[in-house]
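K.L.:
Take a look at the following structure, please.
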Amino acid sequence: MKKKYSIFSIARNALTSHANWQAAWRSSDPKKAYDVIIIGGGGHGLATAYYLAKTFGISNVAVLEKGWIGGGNTGRNTTIVRSNYLWDESARIYEKSLKLWESLSQDINYNVMFSQRGVLNLGHTLQDMRDIERRSNANYLNGIDSEVLTTADVARLVPILDTSPDARYPILGASLQKRGGVARHDAVAWGFARAADQLGVDIIQNCEVTGIQRNEGRVSGVYTSRGTINASNVGIVTAGHSSTVAEMAGLRLPVESHPLQALVSEPLKPILHTVVMSNAVHGYISQSDKGELVIGAGVDSYVGYGQRGSFSIIEGNLSAIVELFPAFSRVRMLRQWGGIVDVCPDACPIIGETDVRGLYINCGWGTGGFKATPGSGWVFAHTIATGQPHALNAPFSIKRFNTGALIDEHGAAGVAH
Amino acid sequence: MTQMLRTPDAGHVKRTRPISFTFNKRQYWGFEGDTLASALIANNVRVIRRSFKFHRPRGIVGAWSEEPNAIVEIGANNTRVPNLRATQIELYQGLVAHSVTPSKWLRFDTLAISNVFSGLLPAGFYYKTFMWPKSFWHRYEKRIRRLAGLGYAPSGQDIDTYDKMHYFCDVLVVGGGPSGLIAALTVARSGGRVLLVDDQSEIGGSLLSKTETISGKLAKYWLKDVITELRSYPDVRLLKRATATGYYDHNFVVINERLTDHLEHHNERLRRERLWRVRAKEVILATGAIERPIVFCSNDIPGVMLASAIRIYLLRYGVLAGSKVAFFTNNDSVYHTALSLVESGGEVVGIVDIRKNPKSTIVERARSTGIPIYDDHVVVAARGGFNGLKKVQLARANSQGDLILTNKGELKCDTLGVSGGWNPVVHLHAQSGGRPEYDQSAGMFVPGKSVQSERSVGAAKGHIALRECFVDGVEAGKSAALGADLKLGQIPDIPFTIAESSEALKPMWEVPPSQLNLHNDKSFVDLQNDTTASDLRLAVREGYTAIEHVKRYTALGFGTDQGKLGNINGAGIVAKYLGVDISELGTTRFRPNYTPVTFGAISGRSIGGYLFDPVRKSPIHEWHVMAGAAFENVGQWKRPWYYPRDSETMDDSVKRECLAVRGGVGALDASTLGKIEIRGPDASTLLNRLYTNSWSKLPVGRCRYGLMLGEDGMVMDDGVTARIGDNHYLMTTTTGGAGPVLTWMERWLQTEWPDLKVYLTSVTDQWAVVSLAGPDSRRLMANLYPDLDFSEEVFPFMSVVSASYVGVPSRIFRISFSGELGYEINVPANYGYSLWSTIMKFGESLNITPYGTETMHILRAEKGYIIVGQDTDGSVTPHDLGMDWIVSKNKDFIGKRSLFREDMKRDNRKQFVGLETDDPLLILPEGAQLTNEQNRSIPVDMVGHVTSSYMSVELNRSIALALVKGGIKRHGGKVYAHLIDGRIVPATIRSPNFYDPKNKRQEA
Amino acid sequence: MLQIECPWCGPRDQSEFSCGGEAHISRPLEPDALDDIEWADYLFFRKNPCGRHYEQWCHIFGCRRWFNAIRDTVTYKFIAYYEMGANPPELD
């Protein structure tokens, strides 16, 4: 039994110079067989394992990670959490996730530092404002908090934003989701890993899946760099590498993997207290607890598995940030990095069964996966445990690409006129 | 003006030019050529700031960008730069700098108590606590945030501007030390276009603080000769104060050049920084090496610094780092420094060498000078107070260096120069895709295999000796020149340097804490983040064993120095604790930037107004400005939104404009609509494939409305296309769609249908378009074109004629987006303003009224005409719009197949309808959500939303357009708009065509 | 930061180009003959390889011509360029 984390446990351990802390998760060797194998030790995969064990009572589970857990998009994103999505299907799954976020630290006994400091989505054109009104109204009727702010409200909330009318694309207003915010990304992976491990889940790092074993249309295990492991249920949660892993089972996906970049500034004293996002001017920014401005850049248009993107994206992105926050012109960019995002044509995920029985997939989260981590894990665990999707993820079946029932979060932002 | 620790004559600062500056509100003196750090050391300022987590006093450690401690800020408000390193600030007259320190007082820091309770703050402590009570995290966070962060953000509009330079060269040489210079010389003599960049204020690198002679000359004279020769080649460019900060794909290197930070006065004609975007055929990385510290107890006390920094402060700036200097080393390099110090009158109290009985020439020389050498010893702890180091404790370790065997007394000193060997600056190599490898014999990570066209030389490759640097440089110069297809010129001779015997270093990451000491303090690995060696061990103990996990759990290397001093030691300590070889563990990934880059420099001039995004204006724009129009941003265009008169509100203006069109004649500047010329024998075929309706039978001189779909069947664009000739069409698109539609058409033509003989030309900017609408428009047209017959028979609705306007060719379309009789006159853009003015003059008697996009929107909404992007959103098919009539059944077109998928057959798809609120004066907000529920209950099922909504003065009531599930069959039914403010507004579904449903007026 | 060799204009910076995604997806000649699954495959499903990718590019801020390229999606190196309609070059 693992010791609970608390201020008291820290004080107790301080007496022994912290020499007696246990490992947050066991370093496991793979067993011969499991009830469920999760391929991919990112936030979503670890959350899936945790909820399988905790909510659905299936703890004979292994999470296979080819490198170190949380080393993919979990540890590379800009940590924004919100649920103010337009379409009912998205709003519901992200709201489920947000609700889980709200008590996650206590639930897994690991402080993921979920900071509900509010997420502001700026509107710069009349059509932006129509879209904001539409989305906020829809959120409200779905039971999700959302407010529509005027330019003056925005100026009060974030005084360092350029809210003057003579900006190239003046800020006409914004939506605000107060329950939205940021969290500590690494802690999410570590916390889920620790909590899942405590319930009996094996976290196996440096274990690369090289093939998916099938038998008469049904999955029977995986081949890995550490031997064959049997399981009658396998979940693929490998984000940018979804296509390559799915191909091992002969599956084709409607996703493409693109580079997505992010960057941070040098640490500053607190200056920005909410998350600010702008679609029209293309930038999103928040300030980490450490003081760094955390800035999300755009997606490169080409397929790329290099965990790096093009500098021109950074240039465009920082121009937008300086356009919005003129004072940040003198702030300095410290570090940049890239991840690989798997993007669906409708910018919504695929969560559900595949044509191979017992094989499930959870992918296509594109640029929005981090905020979904607990919710995604929860519905995916449900899907694997019961063999069928939960009402929350049923609309996210891969079959929607055949029927045309897309959930077009992409198109919703498309403007002509 | 005394500078306690300034030598009489060492270094090359300009002693004839004294400079006064202010640090933490006290005035000091330095010399031109100093950095802030060298001047502070000269003035014996030991403590620069308090540390981030434990609030411990900290001093200067390094001499350049590796510095983790000496963080200061200069300027205020819009001139503030928050997180500068004192070691990189060039001194200028009147410089004012402040410590960036977590509390107000450097000397008495109340939070220094956190040092006492630091046992409660191990790495990752915040993951384990602050969780109770649940709702309190934001309060904890507020306090944590206040303590965190370094400097304060600037405020206001940046006083400075920035620039960019695009540059192409045969060979880019990064670093102007010995190997970089001789490499550049080799390429230059081969006629290559060379860019050599160096990040310091003087080119020369290690030569600026070397005592050796080169080919019999003092290093500075050799340097001068080489630079003079390099400058003589027209194709060679040398940049100083220019840092290569990022190495990207395809040999693209970003260089940040600082142009004015060293100047005393602000000059608004000068750019502060210039960002060079360099594409080089070949790159030579001569980035040098950074000395590696050794970790031991209390190694953060001010006065403990890099041995190499002591050398630089002495030989370049003429400053003694302290009055009593000791050294702690595992290699030969400190001996040179010690000898130089003695020569300059400094006192060296001893050299503590990990190695047993080192015998190299330089060690012997030091020994013979009488410097005490403590071989086979380690410094196990430093001791001191707020004013810095007082003494170091010596000990003897076992041969593996992991256990302290005996204490060996103390050494009194105020400064300790530490050298644990060298870390080659492999950052750019790693960013280019290379993987640094651990060289066991040299005890350092050196560049691995090149992935791009780059090679490292000299110290960056792990070659510390000067001769090796020269050999490397020449070889790299040759290979780069050949790689860039140059013919080799005269190869420089390898300069003569005195060869001395040397002895290998003995790697040591950390001196183990002595079990023999009662008082064991922290051993710091990352000074900026207060990451200690025990933090690293704790991380490993808790299972964070991947080096990236350790880094993230302990914040190792996350500071503004990016772990230049701490990362490799950290990896070494973790490897040792895990019992694996450091080569197996590897390093964390090296990411851009090498050193921080100002946002402004990366943005360049792409900020502020039209520089951020071009503003497009119609040729008639100035008229609208004079008329006092309010403008709307539509894509990049500025379009007149409405024309307020006197004290009119927007509503007043729009009402007046609407009435004018419905009752008389109005004019709209429609120049921004996209226009594409389509010519060629297959023009009709192309249109047939791209539009949902059929074009082959459209007679010349007639127009037709078309709807364009994506291949997914969703409406993408719409517009009227006119057949000008048998093989000639003019297509119009939405304003925002002009570019994308042209690209879309070109793509199909080039990639899928190259057999079609069609040419496309964008003519959006070539034609100005004035749209006249209203029952009086025919009379106005007749006045304008007295020779033309505007009768219904000769010039019916949806037709086009050519005409001449003041002798220039023009076209007149009879089309309508308002539901009124209307004409659109196209004239060459340069005549647009004249046409508009003429129309205004001719229309005066008809009380012609200019109207803007708002009125246009209302008029079209009264007719139920869609605006793509407002009434559609990428999920709407022609059927959803009730426009089955425009979808041909007899031919294929882009998107057709998608219309027959399962989901397209659903009855409850959202469909386009009109809405009338029960209260005729209530205007629904655009974006309002609709339900079938009369009562409030949340969550509630939504059946659609309002896409457009206006007060119609013509109909004397509000009208709205909406997408409603199954709406086409629900005309007459009720929906309820549940508004965010709590109101529930009932409305009746109806046809979207509110006004003149039989279209009599536009076809009149 | 890619440098792309337009077959007509020569090497140019990536910012002059737009990427059109996977190449050699021909529009079906008889869309009506396909069932929903086959049509969806044409519309949405992609190879998305980790390695060699056959893709379309357009020199959009240049000559506006489309062309094909083979590029490694991990190293980002361009392996070959060839014209629209041409067969891809044989690679080992």
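Simple scheme: letters A, B, ... for chains in structure tokens order, numbers from 1 for residues in each chain, numbers from 1 for ligands in the order shown.
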Enumerate as an NGL selection string all residues of segment 328-557 of chain B assigned to strand (DSSP E) by DSSP on the backbone, naming them with the chain letters and numbers the document uses.
P.N.:
:B and (328-329 or 347-353 or 373-375 or 378-385 or 388-397 or 404-412 or 415-419 or 422-424 or 437-439 or 444-446 or 454-456 or 524-526 or 531-532)
K.L.:
Atoms to include: C-alpha atoms. Write the selected residues as a short mmCIF file (atom, residue, chain, number, x, y, z; two decimals), in the first residue's frame.
P.N.:
```
data_model
loop_
_atom_site.label_atom_id
_atom_site.label_comp_id
_atom_site.auth_asym_id
_atom_site.auth_seq_id
_atom_site.Cartn_x
_atom_site.Cartn_y
_atom_site.Cartn_z
CA PHE B 328 39.63 23.25 -7.47
CA THR B 329 40.23 21.22 -10.58
CA GLU B 347 47.39 35.86 -4.51
CA VAL B 348 46.81 32.20 -5.22
CA VAL B 349 46.47 30.31 -1.97
CA GLY B 350 46.41 26.85 -3.50
CA ILE B 351 45.28 24.53 -6.22
CA VAL B 352 43.24 21.54 -5.14
CA ASP B 353 43.59 18.84 -7.78
CA ILE B 373 49.24 22.21 -4.92
CA TYR B 374 46.98 19.83 -3.02
CA ASP B 375 46.93 16.84 -5.33
CA VAL B 378 38.90 17.49 -3.14
CA VAL B 379 37.05 20.52 -1.93
CA VAL B 380 34.34 18.91 0.11
CA ALA B 381 32.57 22.06 1.23
CA ALA B 382 32.70 25.81 1.03
CA ARG B 383 32.15 27.99 4.06
CA GLY B 384 31.24 31.63 4.27
CA GLY B 385 28.57 34.15 5.10
CA GLY B 388 30.81 35.38 0.49
CA LEU B 389 33.37 32.71 0.69
CA LYS B 390 35.73 32.55 3.67
CA LYS B 391 37.33 29.16 3.35
CA VAL B 392 37.03 25.78 1.74
CA GLN B 393 37.31 22.43 3.44
CA LEU B 394 39.64 19.90 1.90
CA ALA B 395 39.35 16.16 2.03
CA ARG B 396 40.64 13.04 0.42
CA ALA B 397 38.25 10.80 -1.46
CA ILE B 404 35.19 10.87 1.51
CA LEU B 405 37.93 9.11 3.45
CA THR B 406 39.56 11.80 5.56
CA ASN B 407 39.24 15.48 6.18
CA LYS B 408 42.35 17.41 5.25
CA GLY B 409 41.88 20.75 6.86
CA GLU B 410 40.88 24.13 5.48
CA LEU B 411 42.12 26.66 3.03
CA LYS B 412 41.29 30.30 3.66
CA THR B 415 37.36 33.05 -4.20
CA LEU B 416 37.40 29.54 -5.52
CA GLY B 417 37.84 28.83 -9.23
CA VAL B 418 36.36 25.48 -10.12
CA SER B 419 37.02 23.40 -13.20
CA TRP B 422 34.60 21.17 -20.41
CA ASN B 423 31.19 20.88 -21.97
CA PRO B 424 31.48 21.53 -25.69
CA GLU B 437 27.91 11.24 -27.91
CA TYR B 438 29.82 10.76 -24.72
CA ASP B 439 33.57 10.60 -25.21
CA MET B 444 32.54 15.08 -22.24
CA PHE B 445 29.65 15.01 -24.68
CA VAL B 446 30.94 15.75 -28.16
CA GLU B 454 27.37 21.03 -40.64
CA ARG B 455 30.56 20.18 -38.81
CA SER B 456 31.86 21.22 -35.42
CA PHE B 524 23.73 22.71 -5.97
CA VAL B 525 23.55 21.36 -9.49
CA ASP B 526 21.34 24.07 -11.02
CA THR B 531 18.14 22.18 -7.73
CA THR B 532 20.39 20.14 -5.47
#
```
K.L.:
Taking only C-alpha atoms into account, what are the residues of chain B at most 12 Å from chain C, put as a PyMOL selection string?
P.N.:
chain B and resi 166-168+246-254+277-281+432-434+451-452+710-713+739-740+742-755+760-761+889-904
K.L.:
Please identify all polymer residues within 12 Å of Lys576 of chain B, counting only C-alpha atoms, omitting same-chain residues fewer than 4 positions from it, and present them as a list in words.
P.N.:
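Those residues are Gln400, Gly401, Asp402, Pro507, Met508, Trp509, Glu510, Pro512, Ala533, Leu536, Arg537, Val540, Thr545, Asn569, Gly570, Ala571, Gly572, Val580, Asp581, Ile582, Ser583, Glu584 and Leu585 of chain B.
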K.L.:
Tell me, as number ranges by chain, which residues lie within 12 Å of Pro49 of chain C, counting only C-alpha atoms; anything in the same chain fewer than 4 positions away does not count.
P.N.:
A: 240-247, 252-253, 255-258, 302-305, 342; C: 21-22, 53-55, 70-74
K.L.:
Between C:Cys6, C:Cys63, C:Leu91, C:Ala69, single out the one closest to chain A, counting only C-alpha atoms.
P.N.:
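Smallest distance to chain A is found for C:Ala69.
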K.L.:
Could you check the closest approach to Thr79 of chain A for each of A:Arg218, A:Arg194, A:His390, A:Arg184 and tell me which residue wins, using only C-alpha atoms?
P.N.:
A:Arg184
